[in-house]
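Data block for input.cif (mmCIF, C-alpha atoms):
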data_query
#
loop_
_atom_site.label_atom_id
_atom_site.label_comp_id
_atom_site.auth_asym_id
_atom_site.auth_seq_id
_atom_site.Cartn_x
_atom_site.Cartn_y
_atom_site.Cartn_z
CA MET A 1154 11.82 -45.55 32.61
CA LEU A 1155 9.76 -42.36 32.24
CA PHE A 1156 8.00 -43.51 29.05
CA LYS A 1157 6.35 -46.83 28.31
CA PHE A 1158 3.50 -48.08 26.13
CA GLU A 1159 1.27 -50.97 27.16
CA LEU A 1160 -1.06 -52.62 24.64
CA ILE A 1161 -3.96 -53.88 26.75
CA LYS A 1162 -6.26 -55.45 24.17
CA LYS A 1163 -7.42 -55.38 20.58
CA ASP A 1164 -10.87 -55.49 19.03
CA GLY A 1165 -10.16 -56.16 15.38
CA ASN A 1166 -7.44 -53.64 14.55
CA ALA A 1167 -8.70 -51.13 17.15
CA ARG A 1168 -6.32 -50.97 20.11
CA LEU A 1169 -6.77 -50.18 23.79
CA GLY A 1170 -3.58 -49.10 25.49
CA LYS A 1171 -1.79 -46.98 28.06
CA ILE A 1172 1.13 -44.59 27.67
CA TYR A 1173 3.11 -44.01 30.86
CA THR A 1174 4.87 -40.63 31.10
CA LYS A 1175 6.56 -38.49 33.73
CA TYR A 1176 3.43 -36.35 34.04
CA GLY A 1177 0.81 -39.08 34.02
CA ILE A 1178 -0.81 -42.04 32.30
CA ILE A 1179 -2.56 -41.57 28.96
CA GLU A 1180 -5.28 -44.04 27.97
CA THR A 1181 -5.41 -44.69 24.23
CA PRO A 1182 -6.92 -44.11 21.75
CA VAL A 1183 -6.54 -40.46 22.68
CA PHE A 1184 -7.24 -37.06 21.15
CA MET A 1185 -4.80 -34.26 21.97
CA PRO A 1186 -6.22 -30.71 22.03
CA VAL A 1187 -3.87 -28.32 20.25
CA GLY A 1188 -2.26 -25.73 22.50
CA THR A 1189 0.10 -24.38 19.87
CA GLN A 1190 1.57 -21.51 21.89
CA GLY A 1191 1.30 -23.00 25.36
CA THR A 1192 -2.46 -22.57 25.66
CA VAL A 1193 -5.57 -23.97 23.99
CA LYS A 1194 -7.27 -21.01 22.32
CA ALA A 1195 -10.44 -19.39 23.72
CA ILE A 1196 -10.55 -21.45 26.91
CA THR A 1197 -9.05 -21.21 30.38
CA GLN A 1198 -7.05 -24.08 31.78
CA LYS A 1199 -9.76 -24.80 34.38
CA GLN A 1200 -12.38 -24.99 31.62
CA LEU A 1201 -10.07 -27.15 29.51
CA LEU A 1202 -9.57 -29.63 32.35
CA GLU A 1203 -13.34 -29.94 32.73
CA THR A 1204 -13.49 -31.32 29.16
CA LYS A 1205 -11.25 -34.17 30.46
CA PRO A 1206 -8.19 -34.07 28.20
CA GLN A 1207 -5.28 -36.38 28.99
CA ILE A 1208 -2.55 -34.55 27.12
CA ILE A 1209 -2.15 -31.38 25.07
CA LEU A 1210 0.02 -30.56 22.07
CA GLY A 1211 2.43 -27.64 21.82
CA ASN A 1212 4.47 -26.50 18.83
CA THR A 1213 8.23 -26.03 18.77
CA TYR A 1214 8.19 -23.50 15.91
CA HIS A 1215 5.72 -21.19 17.65
CA LEU A 1216 7.15 -21.56 21.16
CA TYR A 1217 10.67 -20.93 19.86
CA LEU A 1218 9.55 -17.66 18.26
CA ARG A 1219 7.30 -16.62 21.16
CA PRO A 1220 7.85 -16.57 24.14
CA GLY A 1221 11.30 -17.85 23.09
CA ILE A 1222 13.73 -20.33 24.58
CA GLU A 1223 15.21 -17.79 27.01
CA VAL A 1224 11.82 -17.39 28.70
CA LEU A 1225 11.09 -21.13 28.68
CA LYS A 1226 14.51 -21.86 30.13
CA HIS A 1227 13.97 -19.27 32.89
CA PHE A 1228 10.65 -20.88 33.84
CA LYS A 1229 12.15 -24.40 33.66
CA GLY A 1230 9.96 -25.63 30.83
CA LEU A 1231 6.41 -25.37 29.56
CA HIS A 1232 4.80 -27.46 32.31
CA ASN A 1233 6.00 -24.99 34.92
CA PHE A 1234 5.50 -21.88 32.74
CA ALA A 1235 1.86 -22.75 31.99
CA ASN A 1236 1.24 -24.53 35.33
CA TRP A 1237 0.11 -27.57 33.32
CA LYS A 1238 0.16 -30.81 35.33
CA LEU A 1239 -0.61 -33.31 32.56
CA PRO A 1240 1.56 -34.64 29.70
CA ILE A 1241 2.60 -32.51 26.72
CA LEU A 1242 3.56 -33.58 23.21
CA THR A 1243 5.45 -31.13 21.02
CA ASP A 1244 5.45 -31.10 17.24
CA SER A 1245 8.88 -30.23 15.84
CA GLY A 1246 7.63 -27.29 13.78
CA GLY A 1247 8.55 -29.01 10.53
CA PHE A 1248 5.01 -28.73 9.21
CA GLN A 1249 4.88 -25.00 9.97
CA VAL A 1250 8.26 -24.32 8.39
CA PHE A 1251 7.45 -26.18 5.19
CA SER A 1252 3.95 -24.78 4.90
CA LEU A 1253 5.72 -21.44 4.48
CA ALA A 1254 7.53 -22.89 1.49
CA TYR A 1255 4.66 -24.83 -0.06
CA GLY A 1256 1.62 -22.84 1.03
CA LYS A 1257 -0.69 -20.31 -0.61
CA ASP A 1258 2.00 -17.65 -1.12
CA ARG A 1259 4.02 -20.08 -3.23
CA GLU A 1260 0.94 -20.98 -5.26
CA LYS A 1261 0.52 -17.28 -6.04
CA GLY A 1262 4.02 -17.17 -7.48
CA HIS A 1263 5.74 -15.66 -4.44
CA LYS A 1264 9.27 -16.75 -3.65
CA PRO A 1265 9.24 -19.31 -0.82
CA GLU A 1266 10.92 -17.93 2.27
CA VAL A 1267 12.50 -21.24 3.21
CA VAL A 1268 15.90 -22.63 2.25
CA LEU A 1269 16.28 -26.39 2.65
CA THR A 1270 19.77 -27.87 2.98
CA GLU A 1271 21.20 -31.15 4.20
CA GLU A 1272 22.17 -29.47 7.46
CA GLY A 1273 18.70 -28.10 8.19
CA VAL A 1274 16.17 -25.51 7.13
CA LYS A 1275 16.45 -21.72 7.05
CA PHE A 1276 13.17 -19.85 7.31
CA LYS A 1277 11.65 -16.44 7.91
CA SER A 1278 9.54 -15.80 11.00
CA HIS A 1279 5.90 -15.16 10.21
CA LEU A 1280 5.93 -12.63 13.06
CA ASP A 1281 8.66 -10.17 12.05
CA GLY A 1282 10.38 -11.53 8.95
CA SER A 1283 13.62 -12.38 10.80
CA TRP A 1284 15.66 -15.35 9.54
CA HIS A 1285 16.17 -18.48 11.66
CA PHE A 1286 17.86 -21.84 11.13
CA PHE A 1287 16.55 -25.18 12.42
CA THR A 1288 18.74 -28.27 12.44
CA PRO A 1289 17.57 -31.64 13.76
CA GLU A 1290 19.87 -31.18 16.76
CA PHE A 1291 18.66 -27.66 17.52
CA VAL A 1292 15.01 -28.74 17.37
CA ILE A 1293 15.76 -31.45 19.95
CA GLU A 1294 17.54 -28.87 22.11
CA ILE A 1295 14.52 -26.54 21.97
CA GLN A 1296 12.21 -29.37 22.98
CA LYS A 1297 14.51 -30.29 25.86
CA ILE A 1298 14.06 -26.73 27.11
CA ILE A 1299 10.29 -26.98 26.59
CA GLY A 1300 10.37 -30.22 28.58
CA SER A 1301 7.62 -32.03 26.67
CA ASP A 1302 6.97 -35.67 27.52
CA ILE A 1303 6.92 -36.67 23.86
CA MET A 1304 9.00 -34.98 21.15
CA MET A 1305 8.81 -35.03 17.38
CA PRO A 1306 11.97 -34.83 15.25
CA LEU A 1307 12.49 -32.28 12.51
CA ASP A 1308 11.18 -33.79 9.28
CA VAL A 1309 10.52 -32.73 5.71
CA CYS A 1310 6.76 -32.43 5.15
CA PRO A 1311 5.92 -31.98 1.46
CA PRO A 1312 2.51 -30.70 0.32
CA TYR A 1313 -0.24 -32.52 -1.54
CA PRO A 1314 -0.08 -32.98 -4.44
CA VAL A 1315 3.66 -33.50 -4.77
CA GLU A 1316 5.92 -35.01 -7.42
CA LYS A 1317 7.17 -38.47 -6.48
CA GLU A 1318 10.81 -37.43 -6.73
CA ARG A 1319 10.26 -34.65 -4.19
CA ALA A 1320 8.35 -37.04 -1.92
CA LYS A 1321 11.22 -39.54 -2.14
CA ASP A 1322 13.75 -36.86 -1.27
CA ALA A 1323 11.60 -35.89 1.73
CA VAL A 1324 11.56 -39.51 2.94
CA GLU A 1325 15.32 -39.90 2.64
CA LYS A 1326 16.15 -36.58 4.28
CA THR A 1327 13.64 -37.24 7.08
CA ILE A 1328 15.41 -40.55 7.86
CA ARG A 1329 18.85 -38.92 7.87
CA TRP A 1330 17.57 -36.17 10.13
CA LEU A 1331 15.92 -38.73 12.43
CA LYS A 1332 19.25 -40.46 12.97
CA ARG A 1333 20.76 -37.12 13.99
CA SER A 1334 17.77 -36.34 16.22
CA LYS A 1335 18.05 -39.67 18.01
CA LYS A 1336 21.74 -39.16 18.64
CA ALA A 1337 21.03 -35.67 20.00
CA ASN A 1338 18.49 -37.16 22.41
CA GLU A 1339 20.76 -39.89 23.83
CA GLY A 1340 20.57 -40.07 27.62
CA ASN A 1341 17.54 -37.79 27.80
CA TRP A 1342 14.32 -38.75 29.61
CA GLN A 1343 11.97 -37.38 26.95
CA ALA A 1344 10.42 -39.81 24.47
CA LEU A 1345 11.20 -39.31 20.78
CA PHE A 1346 8.94 -40.60 18.01
CA GLY A 1347 9.95 -41.23 14.42
CA ILE A 1348 7.89 -39.62 11.62
CA ILE A 1349 6.96 -41.68 8.59
CA GLN A 1350 6.58 -39.72 5.34
CA GLY A 1351 5.92 -40.73 1.72
CA SER A 1352 2.86 -38.73 0.69
CA VAL A 1353 0.35 -40.98 -1.12
CA PHE A 1354 2.98 -43.29 -2.67
CA GLU A 1355 2.70 -46.80 -1.23
CA ASP A 1356 6.28 -47.82 -1.98
CA LEU A 1357 7.65 -44.66 -0.36
CA ARG A 1358 5.46 -45.16 2.72
CA LYS A 1359 6.77 -48.71 3.05
CA GLU A 1360 10.36 -47.57 2.62
CA SER A 1361 9.93 -44.81 5.17
CA ALA A 1362 8.24 -47.12 7.70
CA LEU A 1363 10.88 -49.84 7.38
CA LYS A 1364 13.81 -47.44 7.72
CA THR A 1365 12.17 -45.64 10.65
CA ILE A 1366 11.48 -48.80 12.69
CA GLU A 1367 15.10 -49.87 12.18
CA LEU A 1368 15.97 -46.98 14.51
CA ASP A 1369 13.75 -48.41 17.29
CA MET A 1370 11.97 -45.20 18.30
CA ASP A 1371 9.72 -44.74 21.33
CA GLY A 1372 6.71 -44.42 19.06
CA TYR A 1373 5.81 -43.87 15.41
CA SER A 1374 4.04 -40.91 13.81
CA ILE A 1375 2.44 -40.88 10.39
CA GLY A 1376 3.09 -37.46 8.89
CA GLY A 1377 2.23 -35.79 5.61
CA LEU A 1378 -1.42 -36.83 5.63
CA SER A 1379 -4.51 -34.70 6.23
CA VAL A 1380 -2.83 -32.05 4.05
CA GLY A 1381 -5.51 -31.94 1.36
CA GLU A 1382 -5.47 -35.46 -0.05
CA PRO A 1383 -8.77 -37.40 -0.41
CA ALA A 1384 -9.72 -39.31 2.75
CA GLU A 1385 -9.45 -42.66 0.98
CA TYR A 1386 -5.77 -41.97 0.27
CA MET A 1387 -5.19 -41.16 3.93
CA TYR A 1388 -6.84 -44.41 5.02
CA ALA A 1389 -4.93 -46.43 2.42
CA MET A 1390 -1.56 -45.00 3.47
CA THR A 1391 -2.43 -45.55 7.13
CA GLU A 1392 -3.13 -49.22 6.41
CA VAL A 1393 0.20 -49.57 4.62
CA VAL A 1394 2.09 -48.16 7.58
CA VAL A 1395 0.32 -49.98 10.44
CA ASP A 1396 1.00 -53.30 8.71
CA ILE A 1397 4.74 -52.58 9.12
CA ILE A 1398 5.31 -50.74 12.39
CA PRO A 1399 5.48 -52.85 15.59
CA GLU A 1400 2.46 -53.42 17.79
CA ASP A 1401 4.30 -52.66 21.02
CA LYS A 1402 4.77 -48.95 20.25
CA PRO A 1403 2.18 -46.14 20.09
CA ARG A 1404 0.97 -44.98 16.67
CA TYR A 1405 0.22 -41.32 16.08
CA LEU A 1406 -1.63 -40.00 13.01
CA MET A 1407 -0.60 -36.36 12.90
CA GLY A 1408 -3.12 -33.58 12.30
CA VAL A 1409 -6.22 -35.79 12.11
CA GLY A 1410 -9.02 -34.83 12.14
CA THR A 1411 -12.80 -35.03 11.85
CA PRO A 1412 -14.79 -37.42 14.07
CA GLU A 1413 -15.21 -39.68 11.01
CA ASN A 1414 -11.44 -39.59 10.33
CA ILE A 1415 -10.69 -40.50 13.93
CA ILE A 1416 -13.08 -43.41 14.20
CA GLU A 1417 -12.01 -44.81 10.81
CA SER A 1418 -8.34 -44.50 11.80
CA VAL A 1419 -8.88 -46.18 15.17
CA ASP A 1420 -10.41 -49.02 13.14
CA ARG A 1421 -7.08 -49.21 11.30
CA GLY A 1422 -4.95 -49.38 14.45
CA ILE A 1423 -4.11 -45.74 15.31
CA ASP A 1424 -3.69 -44.70 18.96
CA MET A 1425 -3.11 -40.92 18.98
CA PHE A 1426 -4.65 -37.93 17.21
CA ASP A 1427 -4.45 -34.14 17.23
CA CYS A 1428 -6.22 -31.46 15.23
CA VAL A 1429 -7.13 -27.77 15.46
CA MET A 1430 -10.57 -28.55 14.04
CA PRO A 1431 -12.65 -28.64 17.25
CA THR A 1432 -11.20 -25.37 18.59
CA ARG A 1433 -10.94 -23.51 15.28
CA ASN A 1434 -14.45 -24.50 14.25
CA ALA A 1435 -15.79 -23.44 17.63
CA ARG A 1436 -14.34 -19.97 17.23
CA ASN A 1437 -16.08 -19.72 13.84
CA GLY A 1438 -19.46 -20.98 15.07
CA THR A 1439 -19.37 -24.58 13.80
CA LEU A 1440 -20.11 -27.10 16.54
CA PHE A 1441 -20.09 -30.88 16.56
CA THR A 1442 -23.03 -33.02 17.68
CA HIS A 1443 -23.87 -36.72 17.56
CA TYR A 1444 -25.96 -35.85 14.49
CA GLY A 1445 -23.24 -34.00 12.62
CA LYS A 1446 -21.94 -30.44 12.46
CA ILE A 1447 -24.19 -27.44 12.98
CA ASN A 1448 -23.77 -23.76 12.14
CA MET A 1449 -24.69 -21.95 15.33
CA LYS A 1450 -25.13 -18.64 13.51
CA SER A 1451 -28.03 -20.06 11.48
CA ALA A 1452 -31.45 -18.42 11.89
CA LYS A 1453 -33.06 -21.83 12.45
CA HIS A 1454 -31.62 -21.86 15.99
CA LYS A 1455 -33.03 -18.42 16.88
CA LEU A 1456 -35.92 -19.68 19.03
CA SER A 1457 -34.51 -23.10 19.95
CA ASP A 1458 -34.53 -23.93 23.64
CA GLU A 1459 -32.68 -27.19 22.98
CA PRO A 1460 -29.04 -27.66 24.00
CA ILE A 1461 -26.39 -27.95 21.31
CA ASP A 1462 -26.39 -31.73 21.80
CA LYS A 1463 -28.83 -33.58 24.08
CA GLU A 1464 -26.30 -36.38 24.48
CA CYS A 1465 -23.46 -34.10 25.61
CA ASP A 1466 -22.55 -33.63 29.28
CA CYS A 1467 -20.47 -30.45 28.89
CA TYR A 1468 -21.00 -27.20 30.82
CA THR A 1469 -22.36 -25.46 27.71
CA CYS A 1470 -24.99 -28.09 26.95
CA ASN A 1471 -26.01 -28.38 30.60
CA ASN A 1472 -26.66 -24.65 30.97
CA PHE A 1473 -27.49 -22.89 27.71
CA SER A 1474 -29.89 -23.16 24.76
CA ARG A 1475 -29.07 -23.08 21.07
CA GLY A 1476 -30.99 -19.82 20.88
CA TYR A 1477 -28.73 -18.17 23.45
CA ILE A 1478 -25.52 -19.56 21.94
CA ARG A 1479 -26.62 -18.32 18.51
CA HIS A 1480 -27.28 -14.87 19.94
CA LEU A 1481 -23.76 -14.76 21.43
CA TYR A 1482 -22.14 -15.72 18.11
CA ASN A 1483 -24.14 -13.19 16.12
CA ALA A 1484 -23.42 -10.49 18.68
CA GLN A 1485 -19.72 -11.42 18.35
CA GLU A 1486 -19.40 -11.97 22.09
CA ILE A 1487 -16.17 -13.61 23.27
CA THR A 1488 -18.32 -15.86 25.46
CA ALA A 1489 -19.63 -17.57 22.32
CA MET A 1490 -16.14 -18.80 21.39
CA ILE A 1491 -15.49 -19.93 24.96
CA LEU A 1492 -18.74 -21.89 25.27
CA GLY A 1493 -18.34 -23.35 21.77
CA THR A 1494 -14.77 -24.45 22.48
CA ILE A 1495 -15.82 -26.09 25.75
CA HIS A 1496 -18.48 -28.04 23.88
CA ASN A 1497 -16.36 -29.13 20.91
CA LEU A 1498 -13.45 -30.30 23.07
CA ARG A 1499 -15.75 -32.23 25.38
CA PHE A 1500 -17.43 -33.78 22.34
CA TYR A 1501 -14.05 -35.00 21.05
CA ASN A 1502 -12.83 -36.22 24.44
CA LYS A 1503 -16.13 -38.00 25.12
CA LEU A 1504 -15.90 -39.63 21.69
CA MET A 1505 -12.51 -41.07 22.68
CA GLU A 1506 -13.94 -42.27 26.01
CA ASP A 1507 -16.75 -44.03 24.15
CA ILE A 1508 -14.30 -45.56 21.68
CA ARG A 1509 -12.13 -46.93 24.49
CA LYS A 1510 -15.19 -48.36 26.25
CA ALA A 1511 -16.37 -50.02 23.03
CA ILE A 1512 -12.96 -51.63 22.44
CA LYS A 1513 -12.85 -52.84 26.04
CA GLU A 1514 -16.27 -54.45 25.60
CA ASN A 1515 -15.43 -55.99 22.19
CA ARG A 1516 -18.10 -54.00 20.34
CA PHE A 1517 -16.07 -51.42 18.47
CA LYS A 1518 -17.39 -52.38 15.01
CA SER A 1519 -21.02 -51.96 16.04
CA PHE A 1520 -20.19 -48.73 17.88
CA LYS A 1521 -18.48 -47.38 14.76
CA GLU A 1522 -21.43 -48.22 12.53
CA GLU A 1523 -23.97 -46.69 14.92
CA PHE A 1524 -21.91 -43.55 15.48
CA LEU A 1525 -21.27 -42.89 11.79
CA GLN A 1526 -24.87 -43.58 10.80
CA LYS A 1527 -26.13 -41.09 13.37
CA PHE A 1528 -23.37 -38.54 12.66
CA LYS A 1529 -24.13 -38.52 8.94
CA SER A 1530 -27.91 -38.29 9.44
CA GLY A 1531 -27.90 -34.52 9.97
CA ASN A 1532 -29.22 -32.35 12.75
#
Let's see the structure in the file written out as structure tokens.
Amino acid sequence: MLFKFELIKKDGNARLGKIYTKYGIIETPVFMPVGTQGTVKAITQKQLLETKPQIILGNTYHLYLRPGIEVLKHFKGLHNFANWKLPILTDSGGFQVFSLAYGKDREKGHKPEVVLTEEGVKFKSHLDGSWHFFTPEFVIEIQKIIGSDIMMPLDVCPPYPVEKERAKDAVEKTIRWLKRSKKANEGNWQALFGIIQGSVFEDLRKESALKTIELDMDGYSIGGLSVGEPAEYMYAMTEVVVDIIPEDKPRYLMGVGTPENIIESVDRGIDMFDCVMPTRNARNGTLFTHYGKINMKSAKHKLSDEPIDKECDCYTCNNFSRGYIRHLYNAQEITAMILGTIHNLRFYNKLMEDIRKAIKENRFKSFKEEFLQKFKSGN
């Protein structure tokens, strides 16, 4: 057994657990920094490890296109290629493929460069315009070559808002594709999660959850949220799903999110999160603190000798002032993005450490209230 989940304790609906993988043990709840193309942007691996991540996320769509499966096969997988010693989860690329079909270009009246069939999905590369075809089986094969500890199956991820009929079709096709994905993964050591779709329709979410758990997957992912819907819809759909899926499997809310989203979702029983927000925001000069987000390019930080966050233990906060960090951003120095990324990732990972400690000590509710009150108070 190279994959196992252990539920250690609960504090309300918040869960403390452990995921055992080939490349190490992951304590949950956990945030997964996004390393889409085999690296987390604007940070070296040594710097990343100092922020204390437990697992990173890679993306099948992007890794398939570049460096390509020939390269990954030659280097015997992503762990070896990137010299990464901790667990890796790979998204199937379904979200990326369907965002090509349902994204901004489509809204502008452009023809979607994606063809969806029962067999799979044909799409154009965003790099060079070449056509490619993903089937559920091929996506599993790519992830076998990548060698990720946890794989996601190819699913149909509709946008928000979406007509109910299209959302229903996405649910049904996702289930059919999951059955094919599971069969393609028989006898393989890598864990495979099922993805629950249904947009913001409660009956479709229930249907998707029930049909997915019938297949007895290694874990369960909630997809198709954090795609533009109001937060209250996301929380409501999360509650619908966690009431159905079994307690003895990990629960992953895909693409979420803000610190508020994470802490609210932990309160609803979610174990795993990923989002580009901490790294993307850092590159743009928006940093997270215990008193909310701050714009490091703002003139109000010009003469500040305070750290970004007095309560943060990261390298950036221990060594540099807001005034200096602001100068680096406004001078468009690469160092600004590096130092900002170090801070934001440590902020997120420390938040998860504090959440786990609060659950262990049966004080998660009070921790949540105190954190959110302070976070919303402004800086």
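Using only C-alpha atoms for every distance, the candidate list A:Val1309, A:Leu1218, A:Cys1465, A:Leu1201 yields A:Leu1218 as the residue closest to Leu1280 of chain A.
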Next on the checklist: Starting from the PyMOL selection byres ((chain A and resi 1378) around 10), expand the selection into actual residues of this file and give them as a ChimeraX atom specification.
Outcome noted: /A:1310-1313,1350-1353,1375-1377,1379-1384,1386-1388,1390-1391,1406-1409
Next on the checklist: With only C-alpha atoms as the counted atoms, please give the residues lying no more than 9 Å from segment 1357-1359 of chain A, apart from itself and same-chain residues fewer than 2 positions off, as a count of residues only.
Outcome noted: 19
Next on the checklist: the PyMOL selection byres ((chain A and resi 1184) around 10) - which residues does that actually catch in the file I just gave you? List them as a ChimeraX atom specification.
Outcome noted: /A:1180-1183,1185-1187,1206-1210,1405,1409-1410,1415,1424-1428,1498,1501-1506
Checklist entry - Quick one: distance from atom CA of Asp1507 of chain A to atom CA of Phe1520 of chain A in Å, one decimal? => result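 Value for the atom CA of Asp1507 of chain A-atom CA of Phe1520 of chain A distance: 8.6 Å.
Closest approach to Lys1175 of chain A among A:Thr1213, A:Gln1200, A:Thr1189, A:Gln1343 is made by A:Gln1343 (distances from only C-alpha atoms).
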Checklist entry - Quick one: distance from atom CA of Cys1467 of chain A to atom CA of Leu1525 of chain A in Å, one decimal? => result 21.2 Å
Give me, as a tab-separated table, the closest atom pair and its distance (Å, one decimal) for every residue of segment 1156-1220 of chain A within a cut-off of 12 Å of segment 1234-1239 of chain A, counting all atoms listed in the file, rows sorted by chain and rising number.
residue	atom	partner	partner_atom	distance
A:Tyr1173	CA	A:Leu1239	CA	11.5
A:Thr1174	CA	A:Leu1239	CA	9.3
A:Lys1175	CA	A:Leu1239	CA	8.9
A:Tyr1176	CA	A:Leu1239	CA	5.3
A:Gly1177	CA	A:Leu1239	CA	6.1
A:Ile1178	CA	A:Leu1239	CA	8.7
A:Ile1179	CA	A:Leu1239	CA	9.2
A:Met1185	CA	A:Leu1239	CA	11.4
A:Gly1188	CA	A:Ala1235	CA	10.8
A:Gln1190	CA	A:Ala1235	CA	10.2
A:Gly1191	CA	A:Ala1235	CA	6.7
A:Thr1192	CA	A:Ala1235	CA	7.7
A:Val1193	CA	A:Ala1235	CA	11.0
A:Thr1197	CA	A:Ala1235	CA	11.1
A:Gln1198	CA	A:Trp1237	CA	8.1
A:Lys1199	CA	A:Trp1237	CA	10.3
A:Leu1201	CA	A:Trp1237	CA	10.9
A:Leu1202	CA	A:Leu1239	CA	9.7
A:Lys1205	CA	A:Leu1239	CA	10.9
A:Pro1206	CA	A:Leu1239	CA	8.8
A:Gln1207	CA	A:Leu1239	CA	6.6
A:Ile1208	CA	A:Leu1239	CA	5.9
A:Ile1209	CA	A:Leu1239	CA	7.9
A:Leu1210	CA	A:Leu1239	CA	10.9
A:Gly1211	CA	A:Ala1235	CA	11.3
A:Leu1216	CA	A:Phe1234	CA	11.7
A:Pro1220	CA	A:Phe1234	CA	10.4
When the PyMOL selection byres ((chain A and resi 1341) around 12) is applied to the file above, which residues end up in the set, as a PDB file with C-alpha atoms, in the frame of the given file?
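Output contents, as saved in part34.pdb:
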ATOM      1  CA  MET A1154      11.820 -45.550  32.610  1.00  0.00           C
ATOM      2  CA  LEU A1155       9.760 -42.360  32.240  1.00  0.00           C
ATOM      3  CA  PHE A1156       8.000 -43.510  29.050  1.00  0.00           C
ATOM      4  CA  ILE A1293      15.760 -31.450  19.950  1.00  0.00           C
ATOM      5  CA  GLU A1294      17.540 -28.870  22.110  1.00  0.00           C
ATOM      6  CA  GLN A1296      12.210 -29.370  22.980  1.00  0.00           C
ATOM      7  CA  LYS A1297      14.510 -30.290  25.860  1.00  0.00           C
ATOM      8  CA  ILE A1298      14.060 -26.730  27.110  1.00  0.00           C
ATOM      9  CA  GLY A1300      10.370 -30.220  28.580  1.00  0.00           C
ATOM     10  CA  SER A1301       7.620 -32.030  26.670  1.00  0.00           C
ATOM     11  CA  ASP A1302       6.970 -35.670  27.520  1.00  0.00           C
ATOM     12  CA  ILE A1303       6.920 -36.670  23.860  1.00  0.00           C
ATOM     13  CA  MET A1304       9.000 -34.980  21.150  1.00  0.00           C
ATOM     14  CA  SER A1334      17.770 -36.340  16.220  1.00  0.00           C
ATOM     15  CA  LYS A1335      18.050 -39.670  18.010  1.00  0.00           C
ATOM     16  CA  LYS A1336      21.740 -39.160  18.640  1.00  0.00           C
ATOM     17  CA  ALA A1337      21.030 -35.670  20.000  1.00  0.00           C
ATOM     18  CA  ASN A1338      18.490 -37.160  22.410  1.00  0.00           C
ATOM     19  CA  GLU A1339      20.760 -39.890  23.830  1.00  0.00           C
ATOM     20  CA  GLY A1340      20.570 -40.070  27.620  1.00  0.00           C
ATOM     21  CA  TRP A1342      14.320 -38.750  29.610  1.00  0.00           C
ATOM     22  CA  GLN A1343      11.970 -37.380  26.950  1.00  0.00           C
ATOM     23  CA  ALA A1344      10.420 -39.810  24.470  1.00  0.00           C
ATOM     24  CA  LEU A1345      11.200 -39.310  20.780  1.00  0.00           C
TER      25      LEU A1345
END
Checklist entry - With all atoms listed in the file as the basis for distance, which of A:Val1267, A:Met1449, A:Met1305, A:Ile1508 is at the shortest distance from Gly1493 of chain A? => result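 Between A:Val1267, A:Met1449, A:Met1305, A:Ile1508, the residue approaching Gly1493 of chain A most closely is A:Met1449.
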Checklist entry - What is the atom CA of Lys1450 of chain A to atom CA of Met1430 of chain A distance in Å? => result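 Those two atoms sit 17.6 Å apart.
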Item to check | Which of A:Ile1461, A:Ile1478, A:Leu1169, A:Ala1489 sits closest to Ile1196 of chain A [using all atoms listed in the file] | outcome: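 Looking only at the distances to Ile1196 of chain A, the closest residue turns out to be A:Ala1489.
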Next on the checklist: Ranking A:Ala1167, A:Ile1161, A:Ile1328, A:Ile1491 by minimum distance to Ser1418 of chain A and counting all atoms listed in the file, which one comes first?
Outcome noted: A:Ala1167
Next on the checklist: List the spatial neighbours of Lys1518 of chain A as a ChimeraX atom specification - criterion: any atom at most 12 Å away, all atoms listed in the file, same-chain residues fewer than 2 positions off excluded.
Outcome noted: /A:1163-1167,1416-1417,1419-1421,1508,1511-1516,1520-1525
Item to check | Residue with smallest distance to Leu1225 of chain A - pool A:Asn1212, A:Ile1299, A:His1279, A:Thr1204, counting only C-alpha atoms | outcome: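 Under the stated criterion, the closest residue is A:Ile1299.
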Counting only C-alpha atoms, which residues come within 12 Å of (-24.0, -28.1, 31.3), with the point read in the file's coordinates, and could you list them as a CSV table (one decimal) with C-alpha atoms, in the coordinates of the input?
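Produced file point.csv, reproduced below:
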chain,number,residue,atom,x,y,z
A,1203,GLU,CA,-13.3,-29.9,32.7
A,1204,THR,CA,-13.5,-31.3,29.2
A,1460,PRO,CA,-29.0,-27.7,24.0
A,1461,ILE,CA,-26.4,-28.0,21.3
A,1462,ASP,CA,-26.4,-31.7,21.8
A,1463,LYS,CA,-28.8,-33.6,24.1
A,1464,GLU,CA,-26.3,-36.4,24.5
A,1465,CYS,CA,-23.5,-34.1,25.6
A,1466,ASP,CA,-22.6,-33.6,29.3
A,1467,CYS,CA,-20.5,-30.4,28.9
A,1468,TYR,CA,-21.0,-27.2,30.8
A,1469,THR,CA,-22.4,-25.5,27.7
A,1470,CYS,CA,-25.0,-28.1,27.0
A,1471,ASN,CA,-26.0,-28.4,30.6
A,1472,ASN,CA,-26.7,-24.6,31.0
A,1473,PHE,CA,-27.5,-22.9,27.7
A,1474,SER,CA,-29.9,-23.2,24.8
A,1492,LEU,CA,-18.7,-21.9,25.3
A,1495,ILE,CA,-15.8,-26.1,25.8
A,1496,HIS,CA,-18.5,-28.0,23.9
A,1499,ARG,CA,-15.8,-32.2,25.4
